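Here is input_35.pdb, consisting of PDB, C-alpha atoms:
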ATOM      1  CA  MET S   1       4.226  29.181   1.994  1.00  0.00           C
ATOM      2  CA  ASP S   2       7.875  28.541   2.762  1.00  0.00           C
ATOM      3  CA  PRO S   3       8.459  24.841   3.674  1.00  0.00           C
ATOM      4  CA  ILE S   4      10.200  25.777   6.926  1.00  0.00           C
ATOM      5  CA  GLN S   5       7.336  28.031   7.984  1.00  0.00           C
ATOM      6  CA  ALA S   6       4.803  25.359   7.083  1.00  0.00           C
ATOM      7  CA  PHE S   7       6.716  22.837   9.187  1.00  0.00           C
ATOM      8  CA  ARG S   8       6.868  25.204  12.158  1.00  0.00           C
ATOM      9  CA  LEU S   9       3.112  25.804  11.964  1.00  0.00           C
ATOM     10  CA  GLN S  10       2.547  22.056  11.865  1.00  0.00           C
ATOM     11  CA  GLN S  11       4.733  21.597  14.951  1.00  0.00           C
ATOM     12  CA  ILE S  12       2.836  24.335  16.797  1.00  0.00           C
ATOM     13  CA  ARG S  13      -0.484  22.692  15.958  1.00  0.00           C
ATOM     14  CA  HIS S  14       0.850  19.427  17.422  1.00  0.00           C
ATOM     15  CA  GLY S  15       1.798  21.184  20.649  1.00  0.00           C
ATOM     16  CA  GLY S  16       5.519  21.801  20.420  1.00  0.00           C
ATOM     17  CA  THR S  17       8.650  22.366  18.368  1.00  0.00           C
ATOM     18  CA  ASP S  18      11.908  20.496  18.005  1.00  0.00           C
ATOM     19  CA  THR S  19      14.656  23.066  17.536  1.00  0.00           C
ATOM     20  CA  SER S  20      17.145  20.469  16.304  1.00  0.00           C
ATOM     21  CA  LEU S  21      14.661  19.244  13.696  1.00  0.00           C
ATOM     22  CA  VAL S  22      13.953  22.800  12.560  1.00  0.00           C
ATOM     23  CA  ALA S  23      17.692  23.414  12.268  1.00  0.00           C
ATOM     24  CA  LEU S  24      18.083  20.293  10.133  1.00  0.00           C
ATOM     25  CA  ARG S  25      15.318  21.410   7.804  1.00  0.00           C
ATOM     26  CA  GLU S  26      16.812  24.890   7.547  1.00  0.00           C
ATOM     27  CA  SER S  27      20.235  23.453   6.744  1.00  0.00           C
ATOM     28  CA  SER S  28      18.834  21.151   4.022  1.00  0.00           C
ATOM     29  CA  PRO S  29      15.577  22.682   2.754  1.00  0.00           C
ATOM     30  CA  SER S  30      15.485  20.601  -0.446  1.00  0.00           C
ATOM     31  CA  TRP S  31      15.709  17.422   1.612  1.00  0.00           C
ATOM     32  CA  GLY S  32      12.814  18.636   3.748  1.00  0.00           C
ATOM     33  CA  VAL S  33      10.757  19.346   0.630  1.00  0.00           C
ATOM     34  CA  ALA S  34      11.475  15.851  -0.730  1.00  0.00           C
ATOM     35  CA  PHE S  35      10.589  14.262   2.608  1.00  0.00           C
ATOM     36  CA  ASP S  36       7.257  16.109   2.834  1.00  0.00           C
ATOM     37  CA  MET S  37       6.464  15.387  -0.818  1.00  0.00           C
ATOM     38  CA  PHE S  38       6.570  11.618  -0.280  1.00  0.00           C
ATOM     39  CA  ASP S  39       5.133  11.609   3.235  1.00  0.00           C
ATOM     40  CA  LYS S  40       1.750  10.866   1.676  1.00  0.00           C
ATOM     41  CA  ASP S  41      -0.238  10.417   4.863  1.00  0.00           C
ATOM     42  CA  GLY S  42       1.502  13.263   6.701  1.00  0.00           C
ATOM     43  CA  ASP S  43       2.443  11.124   9.701  1.00  0.00           C
ATOM     44  CA  GLY S  44       6.025  12.422   9.719  1.00  0.00           C
ATOM     45  CA  SER S  45       7.640   9.156   8.608  1.00  0.00           C
ATOM     46  CA  LEU S  46       8.613   7.437   5.380  1.00  0.00           C
ATOM     47  CA  SER S  47       8.570   3.773   4.413  1.00  0.00           C
ATOM     48  CA  TYR S  48      11.528   2.283   2.570  1.00  0.00           C
ATOM     49  CA  GLU S  49       9.812   2.722  -0.811  1.00  0.00           C
ATOM     50  CA  GLU S  50       8.943   6.333   0.000  1.00  0.00           C
ATOM     51  CA  SER S  51      12.524   6.949   1.143  1.00  0.00           C
ATOM     52  CA  VAL S  52      13.838   5.667  -2.184  1.00  0.00           C
ATOM     53  CA  GLN S  53      11.476   7.980  -4.072  1.00  0.00           C
ATOM     54  CA  ALA S  54      12.435  10.968  -1.907  1.00  0.00           C
ATOM     55  CA  PHE S  55      16.156  10.247  -2.356  1.00  0.00           C
ATOM     56  CA  GLN S  56      15.717   9.921  -6.125  1.00  0.00           C
ATOM     57  CA  HIS S  57      13.901  13.270  -6.114  1.00  0.00           C
ATOM     58  CA  ILE S  58      16.898  14.835  -4.344  1.00  0.00           C
ATOM     59  CA  LEU S  59      19.258  13.295  -6.919  1.00  0.00           C
ATOM     60  CA  GLY S  60      17.236  14.672  -9.809  1.00  0.00           C
ATOM     61  CA  GLY S  61      14.222  12.487 -10.444  1.00  0.00           C
ATOM     62  CA  LYS S  62      12.844   8.954 -10.490  1.00  0.00           C
ATOM     63  CA  LEU S  63      15.336   7.878 -13.174  1.00  0.00           C
ATOM     64  CA  ALA S  64      18.313   8.806 -10.965  1.00  0.00           C
ATOM     65  CA  GLN S  65      20.505   5.862 -10.007  1.00  0.00           C
ATOM     66  CA  LEU S  66      21.228   5.230  -6.364  1.00  0.00           C
ATOM     67  CA  PRO S  67      22.799   2.434  -4.293  1.00  0.00           C
ATOM     68  CA  SER S  68      19.541   0.751  -3.331  1.00  0.00           C
ATOM     69  CA  HIS S  69      21.274  -2.042  -1.399  1.00  0.00           C
ATOM     70  CA  LYS S  70      23.246   0.476   0.655  1.00  0.00           C
ATOM     71  CA  LEU S  71      20.066   2.457   1.254  1.00  0.00           C
ATOM     72  CA  ARG S  72      18.221  -0.697   2.294  1.00  0.00           C
ATOM     73  CA  GLU S  73      21.042  -1.582   4.667  1.00  0.00           C
ATOM     74  CA  ALA S  74      20.861   1.851   6.306  1.00  0.00           C
ATOM     75  CA  PHE S  75      17.066   1.734   6.506  1.00  0.00           C
ATOM     76  CA  ASP S  76      17.080  -1.743   8.052  1.00  0.00           C
ATOM     77  CA  GLN S  77      19.213  -0.475  10.930  1.00  0.00           C
ATOM     78  CA  TYR S  78      16.222   1.581  12.031  1.00  0.00           C
ATOM     79  CA  ARG S  79      13.825  -1.297  11.452  1.00  0.00           C
ATOM     80  CA  GLN S  80      15.889  -3.436  13.787  1.00  0.00           C
ATOM     81  CA  LEU S  81      15.159  -0.861  16.461  1.00  0.00           C
ATOM     82  CA  GLY S  82      11.462  -1.513  15.999  1.00  0.00           C
ATOM     83  CA  TYR S  83      10.555   1.387  13.709  1.00  0.00           C
ATOM     84  CA  SER S  84       8.344   0.694  10.697  1.00  0.00           C
ATOM     85  CA  GLY S  85       9.382   3.974   9.075  1.00  0.00           C
ATOM     86  CA  ILE S  86      11.901   6.772   9.508  1.00  0.00           C
ATOM     87  CA  ASP S  87      11.374  10.381  10.572  1.00  0.00           C
ATOM     88  CA  PHE S  88      13.133  13.362   9.036  1.00  0.00           C
ATOM     89  CA  LYS S  89      16.133  13.101  11.376  1.00  0.00           C
ATOM     90  CA  ALA S  90      16.737   9.500  10.330  1.00  0.00           C
ATOM     91  CA  PHE S  91      16.072  10.354   6.684  1.00  0.00           C
ATOM     92  CA  HIS S  92      18.536  13.244   6.854  1.00  0.00           C
ATOM     93  CA  GLN S  93      21.203  10.987   8.366  1.00  0.00           C
ATOM     94  CA  ILE S  94      20.632   8.236   5.804  1.00  0.00           C
ATOM     95  CA  VAL S  95      20.772  10.650   2.873  1.00  0.00           C
ATOM     96  CA  LYS S  96      23.952  12.183   4.249  1.00  0.00           C
ATOM     97  CA  ASP S  97      25.615   8.800   4.843  1.00  0.00           C
ATOM     98  CA  VAL S  98      24.596   7.307   1.487  1.00  0.00           C
ATOM     99  CA  SER S  99      25.600  10.488  -0.379  1.00  0.00           C
ATOM    100  CA  ARG S 100      29.014  10.327   1.269  1.00  0.00           C
ATOM    101  CA  TYR S 101      29.274   6.644   0.326  1.00  0.00           C
ATOM    102  CA  MET S 102      28.497   7.475  -3.328  1.00  0.00           C
ATOM    103  CA  ALA S 103      31.114  10.242  -3.333  1.00  0.00           C
ATOM    104  CA  ASP S 104      33.798   8.148  -1.609  1.00  0.00           C
ATOM    105  CA  THR S 105      33.139   4.961  -3.622  1.00  0.00           C
ATOM    106  CA  PRO S 106      33.511   5.599  -7.380  1.00  0.00           C
ATOM    107  CA  MET S 107      32.826   1.918  -8.094  1.00  0.00           C
ATOM    108  CA  TRP S 108      29.577   1.812  -6.101  1.00  0.00           C
ATOM    109  CA  GLN S 109      27.557   0.841  -9.195  1.00  0.00           C
ATOM    110  CA  LYS S 110      29.744  -2.236  -9.699  1.00  0.00           C
ATOM    111  CA  LEU S 111      29.348  -3.127  -6.025  1.00  0.00           C
ATOM    112  CA  GLU S 112      25.594  -2.718  -6.384  1.00  0.00           C
ATOM    113  CA  GLY S 113      25.634  -5.121  -9.329  1.00  0.00           C
ATOM    114  CA  GLU S 114      27.574  -7.693  -7.314  1.00  0.00           C
ATOM    115  CA  ALA S 115      25.184  -7.288  -4.386  1.00  0.00           C
ATOM    116  CA  GLU S 116      22.249  -7.812  -6.748  1.00  0.00           C
ATOM    117  CA  GLU S 117      23.842 -10.987  -8.141  1.00  0.00           C
ATOM    118  CA  GLU S 118      24.437 -12.274  -4.621  1.00  0.00           C
ATOM    119  CA  GLN S 119      20.836 -11.555  -3.693  1.00  0.00           C
ATOM    120  CA  GLN S 120      19.566 -13.417  -6.757  1.00  0.00           C
ATOM    121  CA  ARG S 121      21.873 -16.348  -5.974  1.00  0.00           C
ATOM    122  CA  GLN S 122      20.539 -16.479  -2.431  1.00  0.00           C
ATOM    123  CA  GLN S 123      16.973 -16.344  -3.689  1.00  0.00           C
ATOM    124  CA  LYS S 124      17.700 -19.320  -5.950  1.00  0.00           C
ATOM    125  CA  LEU S 125      19.166 -21.196  -2.996  1.00  0.00           C
ATOM    126  CA  ASP S 126      16.062 -20.438  -0.948  1.00  0.00           C
ATOM    127  CA  ALA S 127      13.825 -21.580  -3.810  1.00  0.00           C
ATOM    128  CA  LEU S 128      15.885 -24.766  -4.090  1.00  0.00           C
ATOM    129  CA  GLU S 129      15.391 -25.467  -0.395  1.00  0.00           C
ATOM    130  CA  GLN S 130      11.630 -24.975  -0.746  1.00  0.00           C
ATOM    131  CA  ARG S 131      11.382 -27.315  -3.759  1.00  0.00           C
ATOM    132  CA  ARG S 132      13.533 -29.980  -2.183  1.00  0.00           C
ATOM    133  CA  PRO S 133      11.512 -33.068  -1.121  1.00  0.00           C
ATOM    134  CA  GLN S 134      11.089 -33.474   2.608  1.00  0.00           C
ATOM    135  CA  GLU S 135      13.751 -36.126   3.014  1.00  0.00           C
ATOM    136  CA  PRO S 136      16.118 -36.641   5.932  1.00  0.00           C
ATOM    137  CA  ASP S 137      19.086 -34.306   5.621  1.00  0.00           C
ATOM    138  CA  VAL S 138      22.235 -36.124   6.654  1.00  0.00           C
ATOM    139  CA  TYR S 139      23.948 -32.868   7.530  1.00  0.00           C
ATOM    140  CA  GLN S 140      21.035 -31.734   9.663  1.00  0.00           C
ATOM    141  CA  ILE S 141      20.762 -35.095  11.397  1.00  0.00           C
ATOM    142  CA  CYS S 142      24.463 -35.021  12.258  1.00  0.00           C
ATOM    143  CA  GLY S 143      24.272 -31.401  13.331  1.00  0.00           C
ATOM    144  CA  ILE S 144      26.741 -30.321  10.647  1.00  0.00           C
ATOM    145  CA  LYS S 145      26.285 -26.904   9.086  1.00  0.00           C
ATOM    146  CA  LYS S 146      26.543 -26.850   5.314  1.00  0.00           C
ATOM    147  CA  THR S 147      29.377 -24.787   3.946  1.00  0.00           C
ATOM    148  CA  GLN S 148      28.728 -22.086   1.370  1.00  0.00           C
ATOM    149  CA  GLU S 149      30.730 -24.137  -1.123  1.00  0.00           C
ATOM    150  CA  LEU S 150      28.368 -27.078  -0.671  1.00  0.00           C
ATOM    151  CA  LYS S 151      25.313 -24.846  -1.045  1.00  0.00           C
ATOM    152  CA  ASP S 152      26.751 -23.416  -4.264  1.00  0.00           C
ATOM    153  CA  LEU S 153      27.407 -26.940  -5.535  1.00  0.00           C
ATOM    154  CA  GLU S 154      23.811 -27.972  -4.824  1.00  0.00           C
ATOM    155  CA  LEU S 155      22.562 -24.881  -6.625  1.00  0.00           C
ATOM    156  CA  LYS S 156      24.712 -25.678  -9.684  1.00  0.00           C
ATOM    157  CA  LYS S 157      23.414 -29.262  -9.635  1.00  0.00           C
ATOM    158  CA  GLU S 158      19.803 -28.094  -9.540  1.00  0.00           C
ATOM    159  CA  GLN S 159      20.441 -25.605 -12.346  1.00  0.00           C
ATOM    160  CA  ALA S 160      22.055 -28.375 -14.431  1.00  0.00           C
ATOM    161  CA  LEU S 161      19.003 -30.592 -13.850  1.00  0.00           C
ATOM    162  CA  GLU S 162      16.680 -27.757 -14.861  1.00  0.00           C
ATOM    163  CA  ARG S 163      18.693 -27.217 -18.056  1.00  0.00           C
ATOM    164  CA  ALA S 164      18.551 -30.953 -18.784  1.00  0.00           C
ATOM    165  CA  ARG S 165      14.765 -30.986 -18.272  1.00  0.00           C
ATOM    166  CA  ALA S 166      14.401 -27.953 -20.537  1.00  0.00           C
ATOM    167  CA  ALA S 167      16.595 -29.607 -23.192  1.00  0.00           C
ATOM    168  CA  ALA S 168      14.475 -32.752 -23.010  1.00  0.00           C
ATOM    169  CA  LYS S 169      11.329 -30.683 -23.562  1.00  0.00           C
ATOM    170  CA  TRP S 170      12.907 -28.988 -26.581  1.00  0.00           C
ATOM    171  CA  ARG S 171      13.984 -32.355 -27.991  1.00  0.00           C
ATOM    172  CA  ALA S 172      10.462 -33.722 -27.542  1.00  0.00           C
ATOM    173  CA  ALA S 173       9.007 -30.629 -29.205  1.00  0.00           C
ATOM    174  CA  GLY S 174      11.499 -30.941 -32.079  1.00  0.00           C
ATOM    175  CA  GLN S 175      10.657 -34.628 -32.546  1.00  0.00           C
ATOM    176  CA  ALA S 176       6.963 -33.777 -32.648  1.00  0.00           C
ATOM    177  CA  VAL S 177       7.637 -31.215 -35.391  1.00  0.00           C
ATOM    178  CA  ILE S 178       9.669 -33.762 -37.378  1.00  0.00           C
ATOM    179  CA  GLU S 179       6.893 -36.363 -37.081  1.00  0.00           C
ATOM    180  CA  SER S 180       4.271 -33.837 -38.185  1.00  0.00           C
ATOM    181  CA  GLN S 181       6.430 -32.950 -41.218  1.00  0.00           C
ATOM    182  CA  LYS S 182       6.686 -36.631 -42.110  1.00  0.00           C
ATOM    183  CA  VAL S 183       2.906 -36.937 -41.966  1.00  0.00           C
ATOM    184  CA  VAL S 184       2.546 -33.861 -44.171  1.00  0.00           C
ATOM    185  CA  ARG S 185       5.016 -35.300 -46.702  1.00  0.00           C
ATOM    186  CA  ARG S 186       3.209 -38.658 -46.728  1.00  0.00           C
ATOM    187  CA  LEU S 187      -0.135 -36.960 -47.273  1.00  0.00           C
ATOM    188  CA  GLY S 188       1.395 -34.806 -50.007  1.00  0.00           C
ATOM    189  CA  ALA S 189       2.833 -37.885 -51.736  1.00  0.00           C
ATOM    190  CA  ALA S 190      -0.509 -39.677 -51.491  1.00  0.00           C
ATOM    191  CA  ARG S 191      -2.345 -36.704 -52.981  1.00  0.00           C
ATOM    192  CA  LEU S 192       0.220 -36.471 -55.794  1.00  0.00           C
ATOM    193  CA  ALA S 193      -0.098 -40.192 -56.594  1.00  0.00           C
ATOM    194  CA  SER S 194      -3.875 -39.902 -56.608  1.00  0.00           C
ATOM    195  CA  SER S 195      -3.687 -36.894 -58.910  1.00  0.00           C
ATOM    196  CA  VAL S 196      -1.340 -38.727 -61.311  1.00  0.00           C
ATOM    197  CA  GLN S 197      -3.628 -41.755 -61.325  1.00  0.00           C
ATOM    198  CA  ARG S 198      -6.682 -39.632 -62.134  1.00  0.00           C
ATOM    199  CA  SER S 199      -4.746 -37.863 -64.877  1.00  0.00           C
ATOM    200  CA  THR S 200      -3.672 -41.214 -66.354  1.00  0.00           C
ATOM    201  CA  ILE S 201      -7.244 -42.528 -66.348  1.00  0.00           C
ATOM    202  CA  GLN S 202      -8.506 -39.347 -67.966  1.00  0.00           C
ATOM    203  CA  ASP S 203      -5.797 -39.529 -70.638  1.00  0.00           C
ATOM    204  CA  ALA S 204      -6.653 -43.161 -71.342  1.00  0.00           C
ATOM    205  CA  GLY S 205     -10.340 -42.310 -71.633  1.00  0.00           C
ATOM    206  CA  SER S 206      -9.657 -39.450 -73.984  1.00  0.00           C
ATOM    207  CA  SER S 207      -7.453 -41.656 -76.178  1.00  0.00           C
ATOM    208  CA  GLY S 208     -10.140 -44.359 -76.383  1.00  0.00           C
ATOM    209  CA  SER S 209     -12.772 -41.823 -77.340  1.00  0.00           C
ATOM    210  CA  ARG S 210     -10.617 -40.500 -80.162  1.00  0.00           C
ATOM    211  CA  LYS S 211     -10.066 -44.039 -81.534  1.00  0.00           C
ATOM    212  CA  LEU S 212     -13.802 -44.731 -81.536  1.00  0.00           C
ATOM    213  CA  GLU S 213     -14.468 -41.458 -83.315  1.00  0.00           C
ATOM    214  CA  ARG S 214     -11.927 -42.319 -86.051  1.00  0.00           C
ATOM    215  CA  ALA S 215     -13.380 -45.826 -86.433  1.00  0.00           C
ATOM    216  CA  ALA S 216     -16.829 -44.384 -86.892  1.00  0.00           C
TER     217      ALA S 216
END

Mind converting the file's structure to C-alpha coordinates?
Amino acid sequence: MDPIQAFRLQQIRHGGTDTSLVALRESSPSWGVAFDMFDKDGDGSLSYEESVQAFQHILGGKLAQLPSHKLREAFDQYRQLGYSGIDFKAFHQIVKDVSRYMADTPMWQKLEGEAEEEQQRQQKLDALEQRRPQEPDVYQICGIKKTQELKDLELKKEQALERARAAAKWRAAGQAVIESQKVVRRLGAARLASSVQRSTIQDAGSSGSRKLERAA
(Lines of atoms letter the chains of each structure in order from A and count residues from 1; the text may use other names and numbers.)
(Lines give C-alpha, C1' and ligand atoms only; values in the text may rest on other atoms or scores of the structure.)
Protein backbone atom coordinates (compact mmCIF):
# COMPACT_ATOMS: atom_id res chain seq x y z
CA MET A 1 0.00 0.00 0.00
CA ASP A 2 1.13 3.53 -0.74
CA PRO A 3 2.64 5.18 2.40
CA ILE A 4 0.33 8.19 2.09
CA GLN A 5 -2.76 5.99 1.85
CA ALA A 6 -1.59 3.91 4.80
CA PHE A 7 -1.12 7.08 6.84
CA ARG A 8 -4.58 8.37 5.93
CA LEU A 9 -6.16 5.06 6.97
CA GLN A 10 -4.29 5.23 10.26
CA GLN A 11 -5.56 8.77 10.86
CA ILE A 12 -9.14 7.70 10.09
CA ARG A 13 -8.87 4.81 12.55
CA HIS A 14 -7.73 7.30 15.22
CA GLY A 15 -10.75 9.49 14.57
CA GLY A 16 -9.52 12.32 12.38
CA THR A 17 -7.09 13.69 9.82
CA ASP A 18 -4.60 16.52 9.84
CA THR A 19 -4.59 18.06 6.37
CA SER A 20 -1.33 19.92 6.99
CA LEU A 21 0.37 16.70 8.10
CA VAL A 22 -0.94 14.85 5.04
CA ALA A 23 0.35 17.66 2.83
CA LEU A 24 3.79 17.41 4.45
CA ARG A 25 3.92 13.68 3.84
CA GLU A 26 2.81 14.13 0.24
CA SER A 27 5.47 16.78 -0.34
CA SER A 28 8.23 14.59 1.15
CA PRO A 29 7.16 10.95 0.80
CA SER A 30 10.66 9.53 1.37
CA TRP A 31 10.88 11.41 4.66
CA GLY A 32 7.53 9.95 5.69
CA VAL A 33 8.74 6.45 4.82
CA ALA A 34 11.91 6.95 6.89
CA PHE A 35 9.90 8.31 9.82
CA ASP A 36 7.49 5.35 9.80
CA MET A 37 10.35 2.86 9.37
CA PHE A 38 12.00 3.93 12.64
CA ASP A 39 8.80 4.64 14.56
CA LYS A 40 9.11 1.15 16.04
CA ASP A 41 6.20 1.31 18.44
CA GLY A 42 3.93 3.21 16.04
CA ASP A 43 3.16 5.99 18.52
CA GLY A 44 3.79 8.71 15.92
CA SER A 45 6.99 10.04 17.52
CA LEU A 46 10.72 9.42 17.32
CA SER A 47 13.39 9.54 20.00
CA TYR A 48 16.69 11.26 19.28
CA GLU A 49 18.38 7.95 18.39
CA GLU A 50 15.50 7.01 16.09
CA SER A 51 15.65 10.46 14.48
CA VAL A 52 19.35 9.99 13.74
CA GLN A 53 18.65 6.60 12.14
CA ALA A 54 15.78 8.01 10.07
CA PHE A 55 17.89 10.96 8.91
CA GLN A 56 20.76 8.63 7.96
CA HIS A 57 18.28 6.53 5.98
CA ILE A 58 17.22 9.66 4.07
CA LEU A 59 20.88 10.50 3.38
CA GLY A 60 21.58 7.03 2.03
CA GLY A 61 22.10 4.61 4.88
CA LYS A 62 23.51 4.10 8.36
CA LEU A 63 27.05 4.91 7.19
CA ALA A 64 25.99 8.38 5.98
CA GLN A 65 27.66 11.24 7.83
CA LEU A 66 25.52 13.90 9.39
CA PRO A 67 26.03 16.82 11.80
CA SER A 68 24.98 14.97 14.93
CA HIS A 69 25.66 17.94 17.22
CA LYS A 70 23.50 20.21 15.06
CA LEU A 71 20.80 17.55 15.01
CA ARG A 72 21.00 17.17 18.78
CA GLU A 73 20.74 20.93 19.19
CA ALA A 74 17.59 21.03 17.05
CA PHE A 75 16.08 18.03 18.83
CA ASP A 76 16.78 19.51 22.27
CA GLN A 77 14.72 22.58 21.39
CA TYR A 78 11.66 20.33 21.37
CA ARG A 79 12.75 18.58 24.55
CA GLN A 80 12.90 21.92 26.31
CA LEU A 81 9.22 22.29 25.49
CA GLY A 82 8.53 19.11 27.43
CA TYR A 83 8.37 16.61 24.57
CA SER A 84 10.20 13.30 24.97
CA GLY A 85 10.06 12.68 21.22
CA ILE A 86 9.18 14.47 18.00
CA ASP A 87 6.24 13.94 15.64
CA PHE A 88 6.47 14.02 11.86
CA LYS A 89 5.96 17.79 11.67
CA ALA A 90 8.91 18.39 13.99
CA PHE A 91 10.96 15.73 12.22
CA HIS A 92 10.21 17.32 8.85
CA GLN A 93 11.27 20.74 10.13
CA ILE A 94 14.47 19.40 11.69
CA VAL A 95 15.45 17.50 8.55
CA LYS A 96 14.78 20.57 6.44
CA ASP A 97 16.76 22.88 8.74
CA VAL A 98 19.72 20.51 9.16
CA SER A 99 19.81 19.75 5.42
CA ARG A 100 19.93 23.48 4.71
CA TYR A 101 22.71 23.86 7.28
CA MET A 102 24.74 21.11 5.57
CA ALA A 103 24.24 22.75 2.17
CA ASP A 104 25.06 26.27 3.39
CA THR A 105 28.05 25.23 5.55
CA PRO A 106 30.69 23.40 3.47
CA MET A 107 32.94 23.13 6.53
CA TRP A 108 30.27 21.55 8.75
CA GLN A 109 32.38 18.40 9.26
CA LYS A 110 35.23 20.49 10.68
CA LEU A 111 32.77 22.31 12.95
CA GLU A 112 31.42 18.95 14.08
CA GLY A 113 34.95 17.84 14.95
CA GLU A 114 35.53 20.99 16.99
CA ALA A 115 32.20 20.52 18.76
CA GLU A 116 33.17 16.93 19.57
CA GLU A 117 36.52 18.08 20.99
CA GLU A 118 34.76 20.70 23.11
CA GLN A 119 32.33 18.10 24.39
CA GLN A 120 35.17 15.75 25.33
CA ARG A 121 37.01 18.61 27.06
CA GLN A 122 33.90 19.44 29.05
CA GLN A 123 33.44 15.80 29.99
CA LYS A 124 37.02 15.73 31.29
CA LEU A 125 36.33 18.87 33.31
CA ASP A 126 33.21 17.27 34.77
CA ALA A 127 35.15 14.10 35.61
CA LEU A 128 37.84 16.23 37.25
CA GLU A 129 35.23 17.94 39.41
CA GLN A 130 33.83 14.57 40.48
CA ARG A 131 37.27 13.17 41.40
CA ARG A 132 38.31 16.28 43.26
CA PRO A 133 38.40 15.75 47.06
CA GLN A 134 35.63 17.48 48.97
CA GLU A 135 37.74 20.38 50.17
CA PRO A 136 36.70 23.99 50.67
CA ASP A 137 36.79 25.84 47.36
CA VAL A 138 38.17 29.32 47.90
CA TYR A 139 36.40 30.60 44.81
CA GLN A 140 33.09 29.14 45.91
CA ILE A 141 33.47 30.46 49.44
CA CYS A 142 34.17 33.96 48.13
CA GLY A 143 31.35 33.72 45.62
CA ILE A 144 33.72 34.11 42.68
CA LYS A 145 32.91 32.27 39.48
CA LYS A 146 35.83 30.44 37.92
CA THR A 147 36.82 31.66 34.50
CA GLN A 148 37.09 29.25 31.59
CA GLU A 149 40.82 29.93 31.50
CA LEU A 150 41.17 28.77 35.10
CA LYS A 151 39.11 25.65 34.43
CA ASP A 152 41.32 24.84 31.44
CA LEU A 153 44.42 25.34 33.59
CA GLU A 154 43.08 22.95 36.24
CA LEU A 155 42.33 20.39 33.56
CA LYS A 156 45.87 20.66 32.16
CA LYS A 157 47.27 20.28 35.69
CA GLU A 158 45.22 17.14 36.30
CA GLN A 159 46.25 15.70 32.93
CA ALA A 160 49.92 16.42 33.75
CA LEU A 161 49.52 14.63 37.10
CA GLU A 162 47.90 11.65 35.37
CA ARG A 163 50.78 11.49 32.88
CA ALA A 164 53.28 11.67 35.75
CA ARG A 165 51.49 8.84 37.58
CA ALA A 166 51.45 6.76 34.40
CA ALA A 167 55.16 7.45 33.84
CA ALA A 168 55.91 6.38 37.40
CA LYS A 169 54.04 3.11 36.83
CA TRP A 170 56.02 2.48 33.64
CA ARG A 171 59.29 3.22 35.43
CA ALA A 172 58.36 0.82 38.23
CA ALA A 173 57.42 -1.84 35.68
CA GLY A 174 60.70 -1.28 33.81
CA GLN A 175 62.71 -1.54 37.03
CA ALA A 176 60.94 -4.80 37.87
CA VAL A 177 61.90 -6.19 34.45
CA ILE A 178 65.53 -5.11 34.94
CA GLU A 179 65.66 -6.76 38.38
CA SER A 180 64.16 -9.98 37.01
CA GLN A 181 66.79 -9.99 34.23
CA LYS A 182 69.53 -9.58 36.82
CA VAL A 183 68.17 -12.56 38.74
CA VAL A 184 68.06 -14.61 35.54
CA ARG A 185 71.67 -13.67 34.73
CA ARG A 186 72.81 -14.55 38.26
CA LEU A 187 71.06 -17.91 38.08
CA GLY A 188 72.55 -18.52 34.64
CA ALA A 189 76.05 -17.70 35.92
CA ALA A 190 75.57 -19.99 38.92
CA ARG A 191 74.42 -22.84 36.69
CA LEU A 192 77.38 -22.29 34.36
CA ALA A 193 79.86 -22.29 37.27
CA SER A 194 78.30 -25.46 38.63
CA SER A 195 78.51 -27.10 35.22
CA VAL A 196 82.18 -26.12 34.84
CA GLN A 197 82.96 -27.45 38.30
CA ARG A 198 81.29 -30.79 37.55
CA SER A 199 83.15 -31.00 34.25
CA THR A 200 86.46 -30.29 36.01
CA ILE A 201 85.82 -32.99 38.62
CA GLN A 202 84.87 -35.48 35.93
CA ASP A 203 88.00 -34.65 33.93
CA ALA A 204 90.16 -35.07 37.03
CA GLY A 205 88.54 -38.42 37.79
CA SER A 206 89.05 -39.64 34.27
CA SER A 207 92.72 -38.60 34.33
CA GLY A 208 93.31 -40.43 37.63
CA SER A 209 91.69 -43.57 36.31
CA ARG A 210 93.93 -43.56 33.25
CA LYS A 211 97.07 -43.19 35.42
CA LEU A 212 96.04 -46.14 37.58
CA GLU A 213 95.39 -48.25 34.51
CA ARG A 214 98.87 -47.47 33.12
CA ALA A 215 100.49 -48.22 36.48
CA ALA A 216 98.78 -51.57 36.60

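Atom pair CA of Ser30 in chain S / CA of Glu112 in chain S has a distance of 26.1 Å (rounded to one decimal).
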
(request) Select, from S:Met37, S:Leu125, S:Ile178, S:Cys142, the residue with the minimum atom-to-atom distance to Leu155 in chain S, counting all atoms listed in the file. (result)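 Closest residue, counting all atoms listed in the file: S:Leu125.
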
Take every atom of range 54-65 of chain S listed in the file, fit an axis-aligned box around them, add 8 Å per side, and give the centre and edge lengths in Å to one decimal as JSON.
{"center_x": 16.5, "center_y": 10.3, "center_z": -7.5, "size_x": 24.1, "size_y": 25.0, "size_z": 27.3}

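Rounded to one decimal, CA of Glu118 in chain S and CA of Glu73 in chain S lie 14.6 Å from each other.
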
(request) Check the smallest atom-to-atom distance from each of S:Lys89, S:Arg121, S:Arg163, S:Lys145 to Gly44 in chain S using only C-alpha atoms, then report the winner. (result) S:Lys89

(message) Quick one: residues within 10 Å of Glu129 in chain S, all atoms listed in the file, excluding same-chain residues fewer than 6 positions away - as an NGL selection string?
(response) :S and (123 or 151 or 154-155)
